[in-house]
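Text of the file model_17.pdb, holding PDB, C-alpha atoms:
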ATOM      1  CA  MET A 571      47.285  55.031  46.016
ATOM      2  CA  ARG A 572      50.706  54.870  47.641
ATOM      3  CA  ALA A 573      51.213  54.805  51.407
ATOM      4  CA  ASN A 574      54.251  53.993  53.501
ATOM      5  CA  ILE A 575      54.769  53.986  57.269
ATOM      6  CA  THR A 576      57.414  52.890  59.727
ATOM      7  CA  ILE A 577      56.646  51.575  63.220
ATOM      8  CA  ASN A 578      59.385  51.821  65.830
ATOM      9  CA  ASP A 579      59.994  49.463  68.753
ATOM     10  CA  ALA A 580      57.726  51.574  70.995
ATOM     11  CA  GLY A 581      54.794  51.053  68.619
ATOM     12  CA  ILE A 582      54.854  54.668  67.362
ATOM     13  CA  ILE A 583      53.936  55.162  63.703
ATOM     14  CA  LEU A 584      56.406  57.404  61.876
ATOM     15  CA  ALA A 585      56.776  58.773  58.365
ATOM     16  CA  ALA A 586      58.406  56.165  56.187
ATOM     17  CA  SER A 587      61.919  56.444  54.829
ATOM     18  CA  ASN A 588      63.997  54.381  52.443
ATOM     19  CA  ALA A 589      65.942  52.930  55.355
ATOM     20  CA  PRO A 590      65.412  49.307  56.441
ATOM     21  CA  PRO A 591      62.854  48.742  59.195
ATOM     22  CA  PRO A 592      64.186  49.700  62.638
ATOM     23  CA  ILE A 593      65.335  47.021  65.051
ATOM     24  CA  GLY A 594      62.270  45.959  67.007
ATOM     25  CA  GLY A 595      59.938  47.649  64.532
ATOM     26  CA  ALA A 596      58.459  47.251  61.055
ATOM     27  CA  ALA A 597      58.028  48.992  57.708
ATOM     28  CA  VAL A 598      54.720  48.920  55.806
ATOM     29  CA  SER A 599      54.316  49.767  52.137
ATOM     30  CA  ARG A 600      51.126  49.879  50.094
ATOM     31  CA  VAL A 601      50.738  50.598  46.372
ATOM     32  CA  ASN A 602      47.117  50.391  45.224
ATOM     33  CA  GLN A 603      45.945  46.937  46.390
ATOM     34  CA  LYS A 604      49.434  45.536  46.937
ATOM     35  CA  MET A 605      50.733  45.654  50.489
ATOM     36  CA  SER A 606      53.954  44.449  52.057
ATOM     37  CA  ILE A 607      55.256  44.354  55.615
ATOM     38  CA  THR A 608      58.913  43.993  56.512
ATOM     39  CA  LEU A 609      59.641  43.160  60.136
ATOM     40  CA  GLY A 610      62.836  44.421  61.700
ATOM     41  CA  ALA A 611      65.077  42.218  63.784
ATOM     42  CA  LYS A 612      63.433  41.072  67.037
ATOM     43  CA  PRO A 613      60.035  42.800  66.615
ATOM     44  CA  ALA A 614      58.971  44.329  69.934
ATOM     45  CA  LEU A 615      55.565  43.683  71.489
ATOM     46  CA  PRO A 616      54.346  47.335  71.204
ATOM     47  CA  ALA A 617      55.346  47.376  67.526
ATOM     48  CA  LEU A 618      53.460  44.144  66.800
ATOM     49  CA  LEU A 619      50.331  45.456  68.560
ATOM     50  CA  SER A 620      50.509  48.730  66.639
ATOM     51  CA  LEU A 621      50.908  46.795  63.398
ATOM     52  CA  ILE A 622      47.855  44.620  64.150
ATOM     53  CA  ARG A 623      45.794  47.773  64.800
ATOM     54  CA  ALA A 624      46.985  49.258  61.510
ATOM     55  CA  LEU A 625      45.736  46.169  59.647
ATOM     56  CA  ARG A 626      42.117  46.475  60.848
ATOM     57  CA  ALA A 627      40.886  48.115  57.662
ATOM     58  CA  VAL A 628      43.029  46.084  55.259
ATOM     59  CA  LYS A 629      41.288  43.578  52.997
ATOM     60  CA  THR A 630      43.962  42.247  50.692
ATOM     61  CA  THR A 631      46.751  39.700  50.447
ATOM     62  CA  ILE A 632      49.886  40.921  52.190
ATOM     63  CA  GLY A 633      53.532  40.167  51.536
ATOM     64  CA  LEU A 634      55.213  39.430  54.872
ATOM     65  CA  TYR A 635      59.005  39.714  55.038
ATOM     66  CA  HIS A 636      61.707  39.560  57.689
ATOM     67  CA  SER A 637      64.634  41.945  57.424
ATOM     68  CA  ASP A 638      67.166  39.085  57.410
ATOM     69  CA  GLU A 639      65.376  37.092  54.696
ATOM     70  CA  ASN A 640      65.286  37.627  50.940
ATOM     71  CA  ASP A 641      61.991  35.866  50.277
ATOM     72  CA  GLY A 642      58.604  36.786  51.698
ATOM     73  CA  THR A 643      55.306  34.976  51.953
ATOM     74  CA  GLN A 644      51.994  36.139  50.475
ATOM     75  CA  ILE A 645      49.312  35.665  53.142
ATOM     76  CA  ILE A 646      45.706  36.796  53.503
ATOM     77  CA  GLN A 647      45.081  39.530  56.081
ATOM     78  CA  THR A 648      43.502  37.281  58.730
ATOM     79  CA  LYS A 649      46.433  34.865  58.727
ATOM     80  CA  VAL A 650      48.934  37.727  58.863
ATOM     81  CA  CYS A 651      47.199  39.066  61.977
ATOM     82  CA  ILE A 652      47.140  35.623  63.602
ATOM     83  CA  HIS A 653      50.847  35.222  62.781
ATOM     84  CA  LEU A 654      51.729  38.622  64.255
ATOM     85  CA  ALA A 655      49.592  37.947  67.337
ATOM     86  CA  GLN A 656      51.314  34.619  67.923
ATOM     87  CA  MET A 657      54.671  36.373  67.648
ATOM     88  CA  ALA A 658      53.506  38.926  70.234
ATOM     89  CA  LEU A 659      52.195  36.222  72.578
ATOM     90  CA  SER A 660      55.365  34.180  72.244
ATOM     91  CA  SER A 661      57.479  37.246  73.010
ATOM     92  CA  LEU A 662      55.479  38.056  76.145
ATOM     93  CA  GLU A 663      55.064  34.477  77.328
ATOM     94  CA  SER A 664      58.759  33.682  76.930
ATOM     95  CA  GLU A 665      59.406  36.259  79.669
ATOM     96  CA  HIS A 666      56.553  35.010  81.871
ATOM     97  CA  ARG A 667      56.511  31.240  81.468
ATOM     98  CA  ASN A 668      55.422  30.918  85.077
ATOM     99  CA  LEU A 669      52.153  32.753  84.253
ATOM    100  CA  PHE A 670      50.921  31.437  80.918
ATOM    101  CA  GLN A 671      51.765  29.827  77.591
ATOM    102  CA  SER A 672      49.342  29.649  74.675
ATOM    103  CA  LYS A 673      48.695  29.175  70.971
ATOM    104  CA  ILE A 674      46.042  30.793  68.775
ATOM    105  CA  GLU A 675      44.425  29.732  65.521
ATOM    106  CA  LEU A 676      41.478  30.600  63.316
ATOM    107  CA  VAL A 677      38.207  28.771  63.928
ATOM    108  CA  THR A 678      37.588  26.140  61.249
ATOM    109  CA  PRO A 679      35.051  23.299  60.905
ATOM    110  CA  GLN A 680      37.863  20.846  61.609
ATOM    111  CA  LEU A 681      38.678  22.653  64.853
ATOM    112  CA  LEU A 682      35.093  22.363  66.067
ATOM    113  CA  THR A 683      34.968  18.590  65.837
ATOM    114  CA  VAL A 684      33.531  16.679  68.788
ATOM    115  CA  GLY A 685      35.908  16.459  71.728
ATOM    116  CA  ASN A 686      38.337  19.130  70.588
ATOM    117  CA  VAL A 687      36.566  22.235  71.901
ATOM    118  CA  PRO A 688      34.181  22.153  74.900
ATOM    119  CA  ASP A 689      30.498  22.394  73.957
ATOM    120  CA  ASP A 690      29.896  25.859  75.410
ATOM    121  CA  LEU A 691      32.883  27.283  73.537
ATOM    122  CA  SER A 692      31.840  25.519  70.357
ATOM    123  CA  ARG A 693      28.332  27.004  70.616
ATOM    124  CA  LEU A 694      29.751  30.527  70.685
ATOM    125  CA  ALA A 695      32.144  29.842  67.794
ATOM    126  CA  ARG A 696      29.292  28.488  65.635
ATOM    127  CA  MET A 697      26.870  31.347  66.267
ATOM    128  CA  PRO A 698      26.039  33.471  63.181
ATOM    129  CA  LEU A 699      26.628  36.994  64.467
ATOM    130  CA  ASP A 700      26.758  38.818  61.140
ATOM    131  CA  THR A 701      23.827  41.014  62.189
ATOM    132  CA  PRO A 702      23.427  44.625  60.979
ATOM    133  CA  ASP A 703      23.928  46.016  64.485
ATOM    134  CA  VAL A 704      25.705  45.144  67.732
ATOM    135  CA  LEU A 705      22.548  45.019  69.857
ATOM    136  CA  SER A 706      20.942  42.287  67.736
ATOM    137  CA  ALA A 707      24.077  40.154  68.004
ATOM    138  CA  LEU A 708      24.270  40.600  71.777
ATOM    139  CA  ILE A 709      20.623  39.607  72.204
ATOM    140  CA  LYS A 710      21.340  36.372  70.305
ATOM    141  CA  VAL A 711      24.272  35.572  72.557
ATOM    142  CA  TYR A 712      22.545  36.367  75.847
ATOM    143  CA  ASP A 713      19.500  34.337  74.814
ATOM    144  CA  ALA A 714      21.866  31.394  74.316
ATOM    145  CA  ARG A 715      22.901  31.627  78.011
ATOM    146  CA  MET A 716      26.626  31.288  77.475
ATOM    147  CA  LYS A 717      28.712  30.499  80.552
ATOM    148  CA  ASN A 718      31.573  32.679  81.774
ATOM    149  CA  LEU A 719      30.836  35.286  79.123
ATOM    150  CA  VAL A 720      33.137  38.307  78.893
ATOM    151  CA  LEU A 721      32.209  41.403  76.908
ATOM    152  CA  ALA A 722      34.918  43.908  76.013
ATOM    153  CA  GLY A 723      34.796  47.079  73.973
ATOM    154  CA  GLN A 724      36.440  50.435  73.518
ATOM    155  CA  SER A 725      36.070  53.619  75.546
ATOM    156  CA  LEU A 726      35.368  57.005  73.956
ATOM    157  CA  SER A 727      39.133  57.445  73.719
ATOM    158  CA  MET A 728      39.318  54.075  71.872
ATOM    159  CA  LYS A 729      41.014  52.300  74.775
ATOM    160  CA  LEU A 730      40.151  48.641  75.398
ATOM    161  CA  CYS A 731      37.894  48.139  78.412
ATOM    162  CA  PHE A 732      35.626  45.525  79.992
ATOM    163  CA  ILE A 733      31.856  45.964  79.836
ATOM    164  CA  VAL A 734      30.698  42.650  81.360
ATOM    165  CA  VAL A 735      32.725  40.081  83.306
ATOM    166  CA  PRO A 736      31.597  36.975  85.251
ATOM    167  CA  GLU A 737      30.987  37.235  88.968
ATOM    168  CA  ASN A 738      33.430  35.785  91.515
ATOM    169  CA  LEU A 739      36.372  35.803  89.131
ATOM    170  CA  ALA A 740      39.238  33.494  90.005
ATOM    171  CA  TRP A 741      41.541  35.346  87.561
ATOM    172  CA  PRO A 742      42.610  38.071  87.358
ATOM    173  CA  LYS A 743      42.578  39.322  90.922
ATOM    174  CA  PRO A 744      41.504  41.877  91.889
ATOM    175  CA  PRO A 745      38.739  41.872  89.240
ATOM    176  CA  PRO A 746      39.172  44.613  86.632
ATOM    177  CA  LEU A 747      37.034  47.718  86.883
ATOM    178  CA  LEU A 748      34.320  47.997  84.246
ATOM    179  CA  ALA A 749      34.509  50.814  81.669
ATOM    180  CA  GLN A 750      38.141  51.500  82.650
ATOM    181  CA  SER A 751      40.974  50.980  80.183
ATOM    182  CA  LEU A 752      42.846  47.712  80.577
ATOM    183  CA  GLU A 753      46.110  49.567  81.093
ATOM    184  CA  HIS A 754      44.658  51.329  84.135
ATOM    185  CA  CYS A 755      43.010  48.366  85.858
ATOM    186  CA  LEU A 756      45.316  45.434  85.075
ATOM    187  CA  ASP A 757      48.907  44.542  85.745
ATOM    188  CA  LEU A 758      51.000  45.479  82.678
ATOM    189  CA  THR A 759      51.730  41.841  81.796
ATOM    190  CA  PHE A 760      48.056  40.800  81.989
ATOM    191  CA  ASN A 761      47.063  43.953  80.089
ATOM    192  CA  TYR A 762      49.368  43.054  77.193
ATOM    193  CA  TRP A 763      48.305  39.397  77.195
ATOM    194  CA  LEU A 764      44.608  40.241  76.877
ATOM    195  CA  ALA A 765      45.159  43.251  74.596
ATOM    196  CA  ILE A 766      46.873  41.013  72.046
ATOM    197  CA  ILE A 767      43.853  38.757  71.643
ATOM    198  CA  TYR A 768      41.300  41.608  71.681
ATOM    199  CA  GLU A 769      43.202  43.701  69.129
ATOM    200  CA  THR A 770      43.581  40.620  66.935
ATOM    201  CA  ALA A 771      39.839  39.909  67.145
ATOM    202  CA  MET A 772      39.015  43.405  65.880
ATOM    203  CA  ALA A 773      41.581  43.113  63.106
ATOM    204  CA  ILE A 774      40.455  39.742  61.718
ATOM    205  CA  ARG A 775      36.711  40.388  62.256
ATOM    206  CA  GLY A 776      35.997  36.750  62.991
ATOM    207  CA  PRO A 777      36.235  34.156  65.765
ATOM    208  CA  PHE A 778      39.478  32.505  66.754
ATOM    209  CA  TYR A 779      40.675  29.989  69.308
ATOM    210  CA  GLN A 780      43.274  30.258  72.069
ATOM    211  CA  HIS A 781      44.480  27.343  74.168
ATOM    212  CA  GLY A 782      47.319  26.638  76.529
ATOM    213  CA  MET A 783      48.310  26.747  80.170
ATOM    214  CA  ILE A 784      47.689  29.380  82.847
ATOM    215  CA  ARG A 785      48.715  29.688  86.486
ATOM    216  CA  ILE A 786      46.126  31.033  88.925
ATOM    217  CA  ASP A 787      47.468  32.255  92.275
ATOM    218  CA  GLN A 788      50.158  29.834  93.423
ATOM    219  CA  TRP A 789      48.509  26.663  92.132
ATOM    220  CA  PRO A 790      50.113  24.458  89.455
ATOM    221  CA  GLU A 791      49.527  25.345  85.800
ATOM    222  CA  ARG A 792      46.080  24.505  84.453
ATOM    223  CA  GLN A 793      44.924  23.923  80.906
ATOM    224  CA  PHE A 794      42.476  26.410  79.383
ATOM    225  CA  LYS A 795      40.596  26.876  76.116
ATOM    226  CA  ARG A 796      39.048  30.139  74.921
ATOM    227  CA  ILE A 797      36.939  31.363  72.003
ATOM    228  CA  ILE A 798      37.170  35.052  71.079
ATOM    229  CA  TYR A 799      34.434  36.443  68.830
ATOM    230  CA  PRO A 800      34.293  40.084  67.672
ATOM    231  CA  ILE A 801      31.011  41.828  66.818
ATOM    232  CA  ILE A 802      31.882  44.408  64.183
ATOM    233  CA  PRO A 803      28.906  45.231  61.907
ATOM    234  CA  ALA A 804      29.884  47.314  58.892
ATOM    235  CA  ASN A 805      27.403  50.086  59.669
ATOM    236  CA  GLU A 806      28.412  50.540  63.322
ATOM    237  CA  ARG A 807      30.930  53.069  64.610
ATOM    238  CA  ALA A 808      34.192  51.631  65.899
ATOM    239  CA  SER A 809      33.353  52.851  69.401
ATOM    240  CA  ASN A 810      30.299  50.529  69.347
ATOM    241  CA  HIS A 811      32.240  47.416  68.394
ATOM    242  CA  ARG A 812      32.311  44.614  70.953
ATOM    243  CA  ILE A 813      34.397  41.513  71.630
ATOM    244  CA  LEU A 814      32.876  38.413  73.191
ATOM    245  CA  SER A 815      34.876  35.646  74.756
ATOM    246  CA  THR A 816      34.319  32.624  76.911
ATOM    247  CA  VAL A 817      37.007  30.465  78.481
ATOM    248  CA  ARG A 818      37.102  27.189  80.357
ATOM    249  CA  LEU A 819      39.580  25.610  82.703
ATOM    250  CA  LEU A 820      39.505  21.991  81.610
ATOM    251  CA  ASP A 821      39.817  20.627  85.138
ATOM    252  CA  ASP A 822      37.071  22.911  86.517
ATOM    253  CA  PRO A 823      34.412  24.300  84.133
ATOM    254  CA  TYR A 824      32.703  26.186  86.961
ATOM    255  CA  THR A 825      35.616  28.431  87.946
ATOM    256  CA  PRO A 826      35.211  31.712  86.020
ATOM    257  CA  ILE A 827      38.226  33.468  84.558
ATOM    258  CA  ILE A 828      38.517  36.116  81.860
TER     259      ILE A 828
END
Could you show the structure in this file as structure tokens?
Amino acid sequence: MRANITINDAGIILAASNAPPPIGGAAVSRVNQKMSITLGAKPALPALLSLIRALRAVKTTIGLYHSDENDGTQIIQTKVCIHLAQMALSSLESEHRNLFQSKIELVTPQLLTVGNVPDDLSRLARMPLDTPDVLSALIKVYDARMKNLVLAGQSLSMKLCFIVVPENLAWPKPPPLLAQSLEHCLDLTFNYWLAIIYETAMAIRGPFYQHGMIRIDQWPERQFKRIIYPIIPANERASNHRILSTVRLLDDPYTPII
């Protein structure tokens, strides 16, 4: 099977051509089980998000190239998505350094060593949630009484939305409306910041870790750590998929944020 697409800087998927990837966009080529991605110069945030969404169903090693480089790197799908997500975060955060700065990485046994990740986050990351349906996984999590638990999903129109958020949120303010798309109930910058991690969770189908600094109101920057864990059983419709996350401010574990 042969398939080729081009993504422009607005994140719109177009029919592929033999031309190089557009500035701010990307070109994707797939022949049977071989897939390659070539990023254009200065990939734009919408293009990176669109590319992450396009990789949800991919289960193969991918060749990742940059338009100004001759050699590419062969990377498994999960690491490609993490790489693209970090590029998207870095692009957004470079313009909003006064709001947040962060890094993301896959959850590994080494990451979950004592003292590296707070206990409540570690408990979520270690939970076996490979259940045959979403409801069974959610029951496991709620029985574990996780703190500051956030549950996100997709609306009928496949837009990201919140289903459950902690009470008395310190960030964001005002609290987002439940069952409303992120783009309609959050500031554009916050929408993009959270959309990156949620889209990445659905693409890699496994837990990952985000950590860095965040500014709440006018207070100085504060350190945070977050675990994001998607629930995507193979026999469930995409509209039923859910994303769990829990986050902690290291200087105040009792202040809830998303």
task: Could you tell me which residues the PyMOL selection byres ((chain A and resi 809) around 9) returns for this structure, as a count of residues only?
output: 12
message: When the PyMOL selection byres ((chain A and resi 759-761) around 10) is applied to the structure above, which residues does it catch, written out as a PyMOL selection string?
response: chain A and resi 662-663+665-666+669-670+730+742+751-758+762-766
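With all atoms listed in the file as the atoms that count, the residue of A:Ser637, A:Arg775, A:Pro790, A:Ile583 with the shortest distance to A:Thr608 is A:Ser637.
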query: Contacts of A:Ile575 at 12 Å or less, counting all atoms listed in the file, minus same-chain residues fewer than 2 places along, as a ChimeraX atom specification?
result: /A:572-573,577-578,581-592,595-600,605-608,620-621,624
message: Let me make sure I understand: among A:Ala771, A:Leu615, A:Leu820, A:Leu625, which one has the smallest atom-to-atom distance to A:Ser664 if we use only C-alpha atoms?
response: A:Leu615
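Applied to the shown file, the PyMOL selection byres ((chain A and resi 652) around 8) selects the residues A:Thr648, A:Lys649, A:Val650, A:Cys651, A:His653, A:Leu654, A:Ala655, A:Gln656, A:Ile674, A:Glu675, A:Leu676, A:Thr770.
Within 10 Å of the point (28.5, 28.7, 80.8), counting only C-alpha atoms, the protein and nucleic acid residues come to Asp689, Asp690, Leu691, Ala714, Arg715, Met716, Lys717, Asn718, Leu719, Pro736, Thr816, Val817, Arg818, Pro823, Tyr824 and Pro826 of chain A.
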- request: Can you work out which one of A:Gln647, A:Ile801, A:Phe794, A:Asp787 has the shortest atom-to-atom distance to A:Pro744, counting all atoms listed in the file?
  value: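 Looking only at the distances to A:Pro744, the closest residue turns out to be A:Asp787.
What separates atom CA of A:Val687 from atom CA of A:Lys795 is a distance of 7.5 Å.
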